[in-house]
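Trainee: Supplied in structure tokens, the structure appears directly below.
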Amino acid sequence: MAFFQPKSAAPAKAAQKHVVDPALQPWVEKYRPKTIDDVSAQEHTVAVLRKTLTSTNLPHMLFYGPPGTGKTSTILALSRQLFGPDNFRNRVLELNASDERGIAIVREKIKNFARQTPRAQAVASDGKEYPCPPYKIIILDEADSMTQDAQGALRRIMETYARITRFCLVCNYVTRIIEPLASRCSKFRFTPLDATSSTSRLAYIADSEHIQVDKPVIDTLISTSSGDLRRAITYLQSASRLSSSTNPPTAITATDIQEIAGVVPDSVVNDFASVLGIDNDAVMAVDKVQTGFEPIQKKVKELMREGYSAAQLLTQLHDLIVLHSTLNAREKSSCALVLAEADKALCDGADEELWILEVATRVHKIVSPRS
Amino acid sequence: MSLWVDKFRPRALDDLHYHHNLSARLKSLAASGDFPHMLFYGPSGAGKKTRITCTLKQLFGPGVEKLKIDQRVFLSPSKRKIEVNIVQSNFHLEITPSEAGNYDRVVIQELLKEIAQTQQVDLNAKQRFKVVIINEADSLSRDAQAALRRTMEKYMSNMRIILCANSTSRLIAPIKSRCLLMRVPAPSDEEMQTVLTHVARRAYFDLPPEAAQEIIKDANGNLRKAILVLEALKMQSPDLTGPLTIAKPDWETYCQKVATLIVTEQTPARVMEIRTKFYELLSHCIPPTVILKTVAEAVVSQVDETLKADVMHWAAFYEVRMRIGSKKIYHLEAWVVKVMSLYKQSFYSLDMSDF
């Protein structure tokens with residue numbers, strides 16, 4: 001056990017205390033791409049950015065796309081390649097939503113950093129040569145959570161200091177970036193990762209961590225994370241933690257992944273659907289489940305007691321309905337409408353039990369005239 | 001003299017009575033030295049908090065039980081003072097950011113950065129990180145959650161976060177993907193029975209099974225409520241035999257009354273009568289959602305099958321409006337009027353079809 005280590009180990013540990021023990025590092029950080037060639041998928045963006053490495057010219061950039069597609073990784077890798085580890089610290093300013101980013105910060109911190117003339121290139125200590133172009137980079141991560149005013153204050157700053165500073169805005173929703181800012185940047189869209197590139201990356205990580213991962217497990221990882229590589233990697237790490245901490249270590253199974261991801265088991269969803277009057281192959285019509293208001297109410301209460309997340313339950317119910325083989329298009333679209341309303345309500349913070357019940361009764365009403 | 005709920009709360013992971021899989025998992029995680037951020041979710045009274053404290057004890061040893069309460073003052077960007085109570089030991093601290101209301105983002109940013117940037121100095125400490133427990137994480141504002149994102153990755157070496165929430169629906173996806181999710185379901189009836197008998201044994205008396213059944217039925221999966229009721233009953237009748245009457249909370253009977261009022265008569269005068277009742281309930285700090293839910297359920301049990309779905313539908317509808325709006329009473333009343341009109345309509349249409 002780690003905490004019974006001999007005392008003599010302690011001073012050595014204290015000496016290198018700023019170094020994070022790589023074993024404890026989240027794999028997401030550990031396996032962040034070091035160069036832009038390592039970035040999975042996003043061929044188009046990578047091709048454009050690779051050009052800038054040779055020409056050392058860079059426009060202002062706006063990266064947008066769903067979470068976990070490599071936006072932050074790409075810009076970090078690029079700036080590391082441009083400046084090298086020594087210059088990185090004084091040439092790059094990274095701000096994200098955990099930093100205060102009101103209008104005051106834009107006016108002071110960002111502006112001050114932007115107006116500095118970049119210092120002369122320090123000699124790289126690792127002996128490699130870096131292009132080290134004569135400008136600095138300001139990375140505004142999660143820029144969509146900046147206020148309109150703060151974004152407005154950036155407009156002029158971006159133009160005035162364009163000669164010595166480049167901005168890179170990173171966000172999920174490009175619509176939240178005000179138009180004047182967006183038009184000053186060249187936009188790069190990051191697409192959700194396709195299955196093959198995620199598979200290869202996950203396999204690579206599993207390989208370097210020496211863990212045994214089967215094909216079905218990787219498939220589950222990819223399907224539960226739906227193109228979000230960061231999520232897939234986190235799940236993989238959690239699963240490997242769990243499996244290695246049991247005694248004796250067990251192999252990772254697909255159900256482990258589902259449990260970690262908070263997915264409601266298929267049997268529960270099927271059960272729920274059959275109470276709503278949607279027949280499915282899993283529960284055959286032999287033992288016809290009783291439907292009606294009372295059983296539905298009872299079932300909903302039971303589900304709530306189990307502590308399943310309402311949003312997750314609705315997502316899975318949606319999948320089940322949309323891919324259902326015998327429901328007709330009209331029924332499916334009415335169900336989708338109900339689910340959409342419920343999702344909005346949940347986002348507004350509505351009561352989960354009431355809304356699951358609401359969805360349940362309405363879906364029941366929609367599908368029941370058939371039988 | 002403390003309440004039984006606190007007095008007999010399990011202190012170690014081995015003492016927990018149910019969800020043994022979960023306990024084993026937590027134990028091995030605590031021992032592995034590679035402890036992730038975690039998110040506990042489940043209905044209230046299922047034992048989330050108990051599990052968290054047990055895990056902490058497993059991680060750090062008995063030192064975590066030496067608690068002190070600290071009051072901290074944070075300054076919002078507009079120079080307003082926000083006071084937050086922080087429960088802390090040498091190894092962990094616990095905050096309820098919803099105390100800070102709209103400014104929870106400031107509290108989260110300041111507090112977490114401060115902890116993240118200080119190292120554990122005690123060389124004898126079992127772990128090199130501090131744990132931050134965030135209660136009621138589902139009431140964190142979007143901004144505060146966004147502020148957590150990068151912090152959780154960047155300061156992983158000095159700090160672990162344990163979130164405690166009723167549901168994951170209101171948490172943003174990036175937070176969920178950074179945590180190990182731990183679902184804590186409500187205990188089943190048998191499990192509750194075991195716990196209740198155990199509590200009884202610890203308090204040196206015998207619990208008749210019928211009484212236990214009665215309590216369990218009333219508690220509906222909420223173990224905290226069950227133990228509180230048990231203690232109350234024990235105070236009422238020390239031998240716990242004979243017909244037991246579990247006193248329903250006043251507000252619940254009050255809500256029942258409101259439901260009966262709605263069903264028996266549908267006139268503007270009745271609405272006025274109900275209004276005073278609602279005001280009474282609200283002034284006693286019963287959350288409007290709870291009022292609406294309880295009344296709706298009571299109404300549903302008294303009306304015709306065809307109406308049930310509609311009553312619930314409008315309850316759900318007005319509940320959202322209540323969340324978005326600011327004046328709760330409007331929406332409660334709107335719902336009552338809606339239900340009354342529905343009831344009347346169905347009543348008359350039935351009559352018409354008869355003739």
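By order in the structure tokens, chains are A, B, ...; within a chain, residues start at 1; ligands start at 1, following the order shown.
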Find the spatial neighbours of stretch 8-18 of chain B, counting only C-alpha atoms, within a cut-off of 12 Å - ignore same-chain residues fewer than 6 positions away - and output them as a compact mmCIF listing (two decimals) with all heavy atoms, in the first residue's frame.
Mentor:
# COMPACT_ATOMS: atom_id res chain seq x y z
N MET B 1 -26.53 14.49 23.63
CA MET B 1 -27.68 13.74 23.09
C MET B 1 -27.91 14.14 21.65
O MET B 1 -28.31 15.25 21.36
CB MET B 1 -28.89 14.08 23.95
CG MET B 1 -30.13 13.26 23.60
SD MET B 1 -29.90 11.54 24.01
CE MET B 1 -31.19 10.79 23.02
N SER B 2 -27.58 13.26 20.77
CA SER B 2 -27.83 13.59 19.37
C SER B 2 -28.92 12.68 18.82
O SER B 2 -29.28 11.69 19.44
CB SER B 2 -26.55 13.43 18.56
OG SER B 2 -26.07 12.12 18.72
N ALA B 24 -17.35 -1.94 -1.57
CA ALA B 24 -16.10 -2.63 -1.94
C ALA B 24 -15.35 -1.81 -2.97
O ALA B 24 -14.12 -1.64 -2.89
CB ALA B 24 -16.41 -4.01 -2.51
N ARG B 25 -16.10 -1.27 -3.90
CA ARG B 25 -15.51 -0.46 -4.95
C ARG B 25 -14.83 0.78 -4.36
O ARG B 25 -13.69 1.09 -4.70
CB ARG B 25 -16.65 -0.04 -5.86
CG ARG B 25 -16.23 0.45 -7.17
CD ARG B 25 -17.45 0.61 -8.05
NE ARG B 25 -17.60 -0.55 -8.89
CZ ARG B 25 -18.29 -0.49 -10.03
NH1 ARG B 25 -18.89 0.61 -10.39
NH2 ARG B 25 -18.39 -1.55 -10.80
N LEU B 26 -15.54 1.45 -3.46
CA LEU B 26 -14.99 2.66 -2.85
C LEU B 26 -13.73 2.34 -2.05
O LEU B 26 -12.75 3.07 -2.07
CB LEU B 26 -16.02 3.30 -1.92
CG LEU B 26 -17.18 3.99 -2.60
CD1 LEU B 26 -18.22 4.41 -1.59
CD2 LEU B 26 -16.68 5.21 -3.35
N LYS B 27 -13.79 1.19 -1.38
CA LYS B 27 -12.67 0.81 -0.54
C LYS B 27 -11.43 0.57 -1.38
O LYS B 27 -10.34 1.05 -1.07
CB LYS B 27 -13.04 -0.47 0.21
CG LYS B 27 -12.31 -0.62 1.49
CD LYS B 27 -12.92 -1.75 2.26
CE LYS B 27 -11.92 -2.25 3.27
NZ LYS B 27 -12.41 -3.46 3.93
N SER B 28 -11.62 -0.15 -2.48
CA SER B 28 -10.45 -0.45 -3.29
C SER B 28 -9.93 0.82 -3.96
O SER B 28 -8.72 0.99 -4.13
CB SER B 28 -10.78 -1.52 -4.33
OG SER B 28 -11.91 -1.16 -5.04
N LEU B 29 -10.85 1.73 -4.31
CA LEU B 29 -10.41 2.99 -4.90
C LEU B 29 -9.58 3.79 -3.90
O LEU B 29 -8.55 4.36 -4.24
CB LEU B 29 -11.61 3.83 -5.32
CG LEU B 29 -12.18 3.54 -6.69
CD1 LEU B 29 -13.41 4.38 -6.91
CD2 LEU B 29 -11.16 3.82 -7.76
N ALA B 30 -10.05 3.81 -2.66
CA ALA B 30 -9.35 4.59 -1.63
C ALA B 30 -7.97 4.00 -1.36
O ALA B 30 -7.03 4.71 -1.06
CB ALA B 30 -10.17 4.61 -0.35
N ALA B 46 -30.74 8.24 0.65
CA ALA B 46 -30.25 6.93 0.20
C ALA B 46 -28.89 6.62 0.81
O ALA B 46 -28.43 5.49 0.77
CB ALA B 46 -30.17 6.89 -1.32
N GLY B 47 -28.23 7.63 1.36
CA GLY B 47 -26.95 7.38 2.02
C GLY B 47 -25.75 7.88 1.23
O GLY B 47 -24.66 7.32 1.37
N LYS B 48 -25.94 8.91 0.44
CA LYS B 48 -24.80 9.44 -0.33
C LYS B 48 -23.76 10.03 0.61
O LYS B 48 -22.58 9.72 0.53
CB LYS B 48 -25.28 10.55 -1.29
CG LYS B 48 -26.29 10.11 -2.29
CD LYS B 48 -26.65 11.24 -3.24
CE LYS B 48 -27.44 12.35 -2.55
NZ LYS B 48 -28.79 11.92 -2.13
N LYS B 49 -24.24 10.86 1.49
CA LYS B 49 -23.35 11.59 2.38
C LYS B 49 -22.60 10.64 3.30
O LYS B 49 -21.40 10.79 3.53
CB LYS B 49 -24.19 12.57 3.19
CG LYS B 49 -23.56 13.84 3.55
CD LYS B 49 -22.86 14.49 2.39
CE LYS B 49 -21.90 15.51 2.89
NZ LYS B 49 -22.57 16.47 3.78
N THR B 50 -23.33 9.66 3.81
CA THR B 50 -22.70 8.67 4.68
C THR B 50 -21.56 7.98 3.96
O THR B 50 -20.47 7.79 4.51
CB THR B 50 -23.75 7.62 5.10
OG1 THR B 50 -24.91 8.32 5.50
CG2 THR B 50 -23.26 6.77 6.21
N ARG B 51 -21.82 7.63 2.69
CA ARG B 51 -20.77 6.95 1.92
C ARG B 51 -19.57 7.85 1.69
O ARG B 51 -18.43 7.41 1.72
CB ARG B 51 -21.35 6.45 0.61
CG ARG B 51 -21.93 5.08 0.81
CD ARG B 51 -22.88 4.62 -0.24
NE ARG B 51 -23.47 3.37 0.24
CZ ARG B 51 -24.43 3.33 1.15
NH1 ARG B 51 -24.93 4.44 1.64
NH2 ARG B 51 -24.89 2.19 1.59
N ILE B 52 -19.86 9.11 1.48
CA ILE B 52 -18.74 10.04 1.25
C ILE B 52 -17.87 10.14 2.50
O ILE B 52 -16.64 10.03 2.43
CB ILE B 52 -19.27 11.44 0.85
CG1 ILE B 52 -19.92 11.36 -0.53
CG2 ILE B 52 -18.13 12.44 0.81
CD1 ILE B 52 -20.57 12.64 -0.97
N THR B 53 -18.51 10.32 3.66
CA THR B 53 -17.70 10.46 4.88
C THR B 53 -16.94 9.17 5.18
O THR B 53 -15.79 9.22 5.62
CB THR B 53 -18.57 10.84 6.09
OG1 THR B 53 -19.77 10.10 6.04
CG2 THR B 53 -18.89 12.31 6.11
N CYS B 54 -17.58 8.04 4.92
CA CYS B 54 -16.88 6.78 5.15
C CYS B 54 -15.66 6.66 4.24
O CYS B 54 -14.60 6.22 4.67
CB CYS B 54 -17.81 5.60 4.89
SG CYS B 54 -19.10 5.45 6.08
N THR B 55 -15.83 7.06 2.99
CA THR B 55 -14.71 6.99 2.05
C THR B 55 -13.58 7.89 2.52
O THR B 55 -12.41 7.51 2.46
CB THR B 55 -15.15 7.45 0.65
OG1 THR B 55 -16.40 6.84 0.36
CG2 THR B 55 -14.14 7.07 -0.38
N LEU B 56 -13.95 9.08 3.01
CA LEU B 56 -12.92 10.01 3.49
C LEU B 56 -12.15 9.40 4.64
O LEU B 56 -10.93 9.51 4.72
CB LEU B 56 -13.57 11.31 3.95
CG LEU B 56 -13.97 12.28 2.86
CD1 LEU B 56 -14.58 13.50 3.48
CD2 LEU B 56 -12.77 12.65 2.02
N LYS B 57 -12.89 8.73 5.51
CA LYS B 57 -12.21 8.13 6.65
C LYS B 57 -11.26 7.04 6.19
O LYS B 57 -10.15 6.91 6.69
CB LYS B 57 -13.24 7.56 7.62
CG LYS B 57 -12.59 7.21 8.92
CD LYS B 57 -13.56 6.78 9.97
CE LYS B 57 -12.76 6.26 11.15
NZ LYS B 57 -13.59 5.50 12.05
N GLN B 58 -11.72 6.29 5.20
CA GLN B 58 -10.87 5.25 4.64
C GLN B 58 -9.61 5.86 4.03
O GLN B 58 -8.52 5.32 4.14
CB GLN B 58 -11.67 4.51 3.56
CG GLN B 58 -10.96 3.32 2.97
CD GLN B 58 -11.06 2.11 3.88
OE1 GLN B 58 -11.99 2.01 4.67
NE2 GLN B 58 -10.10 1.22 3.79
N LEU B 59 -9.78 7.03 3.42
CA LEU B 59 -8.65 7.68 2.77
C LEU B 59 -7.66 8.25 3.77
O LEU B 59 -6.45 8.10 3.62
CB LEU B 59 -9.15 8.82 1.89
CG LEU B 59 -9.52 8.55 0.44
CD1 LEU B 59 -10.11 9.80 -0.15
CD2 LEU B 59 -8.31 8.12 -0.35
N PHE B 60 -8.18 8.97 4.76
CA PHE B 60 -7.29 9.78 5.59
C PHE B 60 -7.16 9.31 7.04
O PHE B 60 -6.38 9.86 7.79
CB PHE B 60 -7.78 11.23 5.62
CG PHE B 60 -7.74 11.89 4.29
CD1 PHE B 60 -8.89 12.12 3.58
CD2 PHE B 60 -6.54 12.30 3.73
CE1 PHE B 60 -8.86 12.72 2.34
CE2 PHE B 60 -6.50 12.91 2.50
CZ PHE B 60 -7.66 13.12 1.81
N GLY B 61 -8.00 8.36 7.44
CA GLY B 61 -7.95 7.95 8.83
C GLY B 61 -8.84 8.82 9.69
O GLY B 61 -9.56 9.68 9.18
N PRO B 62 -8.82 8.60 11.01
CA PRO B 62 -9.80 9.26 11.89
C PRO B 62 -9.67 10.79 11.94
O PRO B 62 -10.56 11.45 12.45
CB PRO B 62 -9.51 8.65 13.26
CG PRO B 62 -8.17 8.02 13.15
CD PRO B 62 -7.95 7.67 11.73
N VAL B 64 -10.20 12.96 9.83
CA VAL B 64 -11.25 13.71 9.12
C VAL B 64 -12.44 14.02 10.01
O VAL B 64 -13.29 14.82 9.64
CB VAL B 64 -11.78 12.95 7.90
CG1 VAL B 64 -10.87 13.10 6.73
CG2 VAL B 64 -12.05 11.51 8.20
N GLU B 65 -12.53 13.34 11.15
CA GLU B 65 -13.71 13.59 11.98
C GLU B 65 -13.56 14.81 12.88
O GLU B 65 -14.51 15.23 13.52
CB GLU B 65 -14.03 12.34 12.81
CG GLU B 65 -14.67 11.28 11.94
CD GLU B 65 -14.83 9.96 12.62
OE1 GLU B 65 -14.55 9.87 13.81
OE2 GLU B 65 -15.25 9.01 11.94
N VAL B 184 -26.14 5.98 -6.15
CA VAL B 184 -26.54 5.42 -4.86
C VAL B 184 -28.06 5.29 -4.87
O VAL B 184 -28.76 6.26 -4.61
CB VAL B 184 -26.11 6.32 -3.70
CG1 VAL B 184 -26.40 5.65 -2.37
CG2 VAL B 184 -24.64 6.65 -3.79
N PRO B 185 -28.60 4.11 -5.22
CA PRO B 185 -30.05 3.96 -5.24
C PRO B 185 -30.62 3.93 -3.83
O PRO B 185 -29.89 3.65 -2.87
CB PRO B 185 -30.27 2.60 -5.93
CG PRO B 185 -28.94 2.08 -6.29
CD PRO B 185 -27.91 2.87 -5.56
N ALA B 186 -31.90 4.20 -3.71
CA ALA B 186 -32.56 4.10 -2.40
C ALA B 186 -32.55 2.64 -1.97
O ALA B 186 -32.61 1.74 -2.80
CB ALA B 186 -33.98 4.62 -2.50
N PRO B 187 -32.45 2.37 -0.66
CA PRO B 187 -32.42 0.99 -0.21
C PRO B 187 -33.77 0.31 -0.44
O PRO B 187 -34.80 0.96 -0.45
CB PRO B 187 -32.13 1.13 1.29
CG PRO B 187 -32.56 2.49 1.65
CD PRO B 187 -32.32 3.33 0.44
N SER B 188 -33.72 -1.00 -0.66
CA SER B 188 -34.97 -1.75 -0.82
C SER B 188 -35.61 -1.93 0.55
O SER B 188 -34.99 -1.65 1.58
CB SER B 188 -34.69 -3.10 -1.45
OG SER B 188 -33.99 -3.89 -0.53
N ASP B 189 -36.85 -2.45 0.56
CA ASP B 189 -37.56 -2.58 1.83
C ASP B 189 -36.83 -3.50 2.81
O ASP B 189 -36.77 -3.24 4.00
CB ASP B 189 -38.98 -3.07 1.59
CG ASP B 189 -39.83 -1.99 0.94
OD1 ASP B 189 -39.30 -0.86 0.79
OD2 ASP B 189 -40.98 -2.26 0.58
N GLU B 190 -36.28 -4.61 2.27
CA GLU B 190 -35.59 -5.55 3.16
C GLU B 190 -34.36 -4.89 3.77
O GLU B 190 -34.06 -5.07 4.95
CB GLU B 190 -35.16 -6.81 2.41
CG GLU B 190 -36.30 -7.66 1.87
CD GLU B 190 -36.87 -7.10 0.59
OE1 GLU B 190 -36.07 -6.75 -0.30
OE2 GLU B 190 -38.11 -6.98 0.49
N GLU B 191 -33.65 -4.14 2.93
CA GLU B 191 -32.44 -3.48 3.43
C GLU B 191 -32.79 -2.48 4.52
O GLU B 191 -32.08 -2.37 5.52
CB GLU B 191 -31.71 -2.79 2.28
CG GLU B 191 -31.01 -3.76 1.36
CD GLU B 191 -30.66 -3.16 0.01
OE1 GLU B 191 -31.20 -2.11 -0.35
OE2 GLU B 191 -29.85 -3.77 -0.68
N MET B 192 -33.91 -1.79 4.32
CA MET B 192 -34.31 -0.83 5.35
C MET B 192 -34.66 -1.55 6.63
O MET B 192 -34.35 -1.08 7.73
CB MET B 192 -35.50 -0.01 4.85
CG MET B 192 -35.06 1.05 3.87
SD MET B 192 -36.40 1.97 3.21
CE MET B 192 -36.70 3.14 4.47
N GLN B 193 -35.31 -2.70 6.48
CA GLN B 193 -35.67 -3.49 7.65
C GLN B 193 -34.42 -3.84 8.47
O GLN B 193 -34.39 -3.67 9.69
CB GLN B 193 -36.36 -4.77 7.17
CG GLN B 193 -36.63 -5.80 8.24
CD GLN B 193 -38.09 -5.78 8.66
OE1 GLN B 193 -38.96 -5.41 7.86
NE2 GLN B 193 -38.37 -6.17 9.87
N THR B 194 -33.38 -4.32 7.77
CA THR B 194 -32.13 -4.66 8.46
C THR B 194 -31.58 -3.46 9.21
O THR B 194 -31.18 -3.57 10.37
CB THR B 194 -31.03 -5.10 7.46
OG1 THR B 194 -31.60 -5.28 6.20
CG2 THR B 194 -30.31 -6.31 7.94
N VAL B 195 -31.56 -2.31 8.53
CA VAL B 195 -30.98 -1.13 9.16
C VAL B 195 -31.79 -0.74 10.39
O VAL B 195 -31.22 -0.45 11.44
CB VAL B 195 -30.93 0.04 8.15
CG1 VAL B 195 -30.42 1.29 8.84
CG2 VAL B 195 -30.04 -0.30 6.99
N LEU B 196 -33.11 -0.78 10.26
CA LEU B 196 -33.95 -0.37 11.39
C LEU B 196 -33.75 -1.30 12.59
O LEU B 196 -33.62 -0.84 13.72
CB LEU B 196 -35.42 -0.35 10.98
CG LEU B 196 -35.83 0.82 10.07
CD1 LEU B 196 -37.29 0.72 9.72
CD2 LEU B 196 -35.54 2.14 10.74
N THR B 197 -33.68 -2.62 12.32
CA THR B 197 -33.46 -3.54 13.43
C THR B 197 -32.10 -3.28 14.06
O THR B 197 -31.95 -3.34 15.28
CB THR B 197 -33.51 -5.02 12.99
OG1 THR B 197 -33.56 -5.07 11.59
CG2 THR B 197 -34.68 -5.74 13.60
N HIS B 198 -31.13 -2.99 13.20
CA HIS B 198 -29.80 -2.71 13.71
C HIS B 198 -29.82 -1.49 14.63
O HIS B 198 -29.26 -1.52 15.74
CB HIS B 198 -28.84 -2.49 12.54
CG HIS B 198 -27.49 -2.03 12.96
ND1 HIS B 198 -26.53 -2.89 13.44
CD2 HIS B 198 -26.94 -0.80 13.00
CE1 HIS B 198 -25.45 -2.21 13.74
NE2 HIS B 198 -25.67 -0.93 13.48
N VAL B 199 -30.50 -0.43 14.17
CA VAL B 199 -30.59 0.78 14.98
C VAL B 199 -31.26 0.47 16.31
O VAL B 199 -30.81 0.89 17.37
CB VAL B 199 -31.36 1.88 14.22
CG1 VAL B 199 -31.71 3.03 15.15
CG2 VAL B 199 -30.54 2.39 13.07
N ALA B 200 -32.34 -0.33 16.24
CA ALA B 200 -33.07 -0.68 17.46
C ALA B 200 -32.16 -1.42 18.43
O ALA B 200 -32.17 -1.16 19.63
CB ALA B 200 -34.28 -1.53 17.10
N ARG B 201 -31.36 -2.34 17.87
CA ARG B 201 -30.49 -3.11 18.74
C ARG B 201 -29.46 -2.20 19.41
O ARG B 201 -29.15 -2.32 20.59
CB ARG B 201 -29.78 -4.22 17.96
CG ARG B 201 -29.38 -5.36 18.84
CD ARG B 201 -28.88 -6.59 18.09
NE ARG B 201 -29.32 -6.72 16.73
CZ ARG B 201 -28.47 -6.69 15.68
NH1 ARG B 201 -27.19 -6.50 15.86
NH2 ARG B 201 -28.93 -6.83 14.47
N ARG B 202 -28.96 -1.27 18.61
CA ARG B 202 -27.97 -0.34 19.17
C ARG B 202 -28.58 0.54 20.26
O ARG B 202 -27.90 0.97 21.18
CB ARG B 202 -27.39 0.56 18.07
CG ARG B 202 -26.51 -0.16 17.09
CD ARG B 202 -25.05 -0.22 17.56
NE ARG B 202 -24.45 1.09 17.72
CZ ARG B 202 -23.86 1.77 16.75
NH1 ARG B 202 -23.84 1.29 15.53
NH2 ARG B 202 -23.29 2.93 17.01
N ALA B 203 -29.90 0.81 20.14
CA ALA B 203 -30.54 1.65 21.14
C ALA B 203 -31.17 0.81 22.25
O ALA B 203 -31.94 1.32 23.05
CB ALA B 203 -31.59 2.53 20.49
N LEU B 223 -34.22 6.59 3.96
CA LEU B 223 -33.80 5.95 5.20
C LEU B 223 -33.70 6.95 6.35
O LEU B 223 -34.03 6.64 7.48
CB LEU B 223 -32.44 5.27 4.99
CG LEU B 223 -32.01 4.33 6.10
CD1 LEU B 223 -33.05 3.26 6.31
CD2 LEU B 223 -30.69 3.70 5.79
N ARG B 224 -33.28 8.16 6.02
CA ARG B 224 -33.18 9.17 7.07
C ARG B 224 -34.54 9.40 7.71
O ARG B 224 -34.69 9.41 8.92
CB ARG B 224 -32.64 10.46 6.49
CG ARG B 224 -32.54 11.56 7.53
CD ARG B 224 -31.98 12.77 6.92
NE ARG B 224 -31.99 12.55 5.48
CZ ARG B 224 -31.36 13.26 4.59
NH1 ARG B 224 -30.68 14.21 4.95
NH2 ARG B 224 -31.41 13.00 3.31
N ILE B 227 -35.57 6.52 10.00
CA ILE B 227 -34.95 6.48 11.32
C ILE B 227 -35.52 7.59 12.21
O ILE B 227 -35.78 7.39 13.39
CB ILE B 227 -33.42 6.57 11.21
CG1 ILE B 227 -32.91 5.35 10.46
CG2 ILE B 227 -32.78 6.63 12.59
CD1 ILE B 227 -31.43 5.34 10.22
N LEU B 228 -35.76 8.74 11.61
CA LEU B 228 -36.36 9.83 12.39
C LEU B 228 -37.73 9.43 12.90
O LEU B 228 -38.07 9.66 14.07
CB LEU B 228 -36.47 11.09 11.52
CG LEU B 228 -35.17 11.85 11.28
CD1 LEU B 228 -35.37 12.94 10.26
CD2 LEU B 228 -34.65 12.44 12.58
N GLU B 231 -37.50 7.05 15.76
CA GLU B 231 -37.16 7.69 17.03
C GLU B 231 -38.38 8.40 17.61
O GLU B 231 -38.66 8.31 18.81
CB GLU B 231 -36.00 8.67 16.83
CG GLU B 231 -35.49 9.20 18.15
CD GLU B 231 -34.21 10.00 18.00
OE1 GLU B 231 -33.76 10.19 16.86
OE2 GLU B 231 -33.68 10.42 19.03
Trainee: Taking only stretch 164-264 of chain B into account, list the residues labelled strand (DSSP E) by DSSP (computed from the backbone), as a list in words.
Mentor: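 Those in stretch 164-264 of chain B that DSSP calls strand (DSSP E) are Cys164, Ala165, Leu180, Leu181, Met182 and Arg183 of chain B.
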Trainee: Produce a file of the selected residues containing C-alpha atoms, as a PDB file, in the first residue's frame.
Mentor:
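Now in again_18.pdb:
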ATOM      1  CA  CYS B 164     -22.983  15.210  -4.265  1.00  0.00           C
ATOM      2  CA  ALA B 165     -26.217  15.644  -6.210  1.00  0.00           C
ATOM      3  CA  LEU B 180     -16.369   8.802 -11.818  1.00  0.00           C
ATOM      4  CA  LEU B 181     -20.125   8.422 -11.480  1.00  0.00           C
ATOM      5  CA  MET B 182     -21.416   6.648  -8.398  1.00  0.00           C
ATOM      6  CA  ARG B 183     -25.111   5.924  -8.338  1.00  0.00           C
TER       7      ARG B 183
END
Trainee: Using DSSP on the backbone coordinates, identify the residues of stretch 72-252 of chain A assigned to helix (DSSP H, G or I); present them as a ChimeraX atom specification.
Mentor: /A:72-91,103-115,143-145,148-160,174-176,179-184,195-208,215-225,229-245
Trainee: So, counting only C-alpha atoms, which residue among A:Met146, A:Val92, A:Arg163, A:Arg50 is closest to A:Thr117?
Mentor: A:Arg163
Trainee: Given the choices B:Lys66, B:Lys308, B:His92, B:Arg142, which gets closest to B:Gln120 if the distance is worked out from only C-alpha atoms?
Mentor: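 Closest candidate: B:His92.
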Trainee: Could you write out as a ChimeraX atom specification the residues of chain B within 8 Å of chain A, counting only C-alpha atoms?
Mentor: /B:25,28-29,31-34,36,41-43,109,123,126-127,143,146-151,153,156-157,166-170,174,177-178,180-186,221,289,293,305,308-309,312-313,315-316,319-320,323-324
Trainee: How many Å separate atom CA of B:Leu22 from atom CA of A:Ala206?
Mentor: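 Taking atom CA of B:Leu22 and atom CA of A:Ala206, their separation equals 25.3 Å.
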Trainee: Would you mind reading off the distance between atom CA of A:Gly65 and atom CA of A:Phe167, one decimal, in Å?
Mentor: 17.4 Å
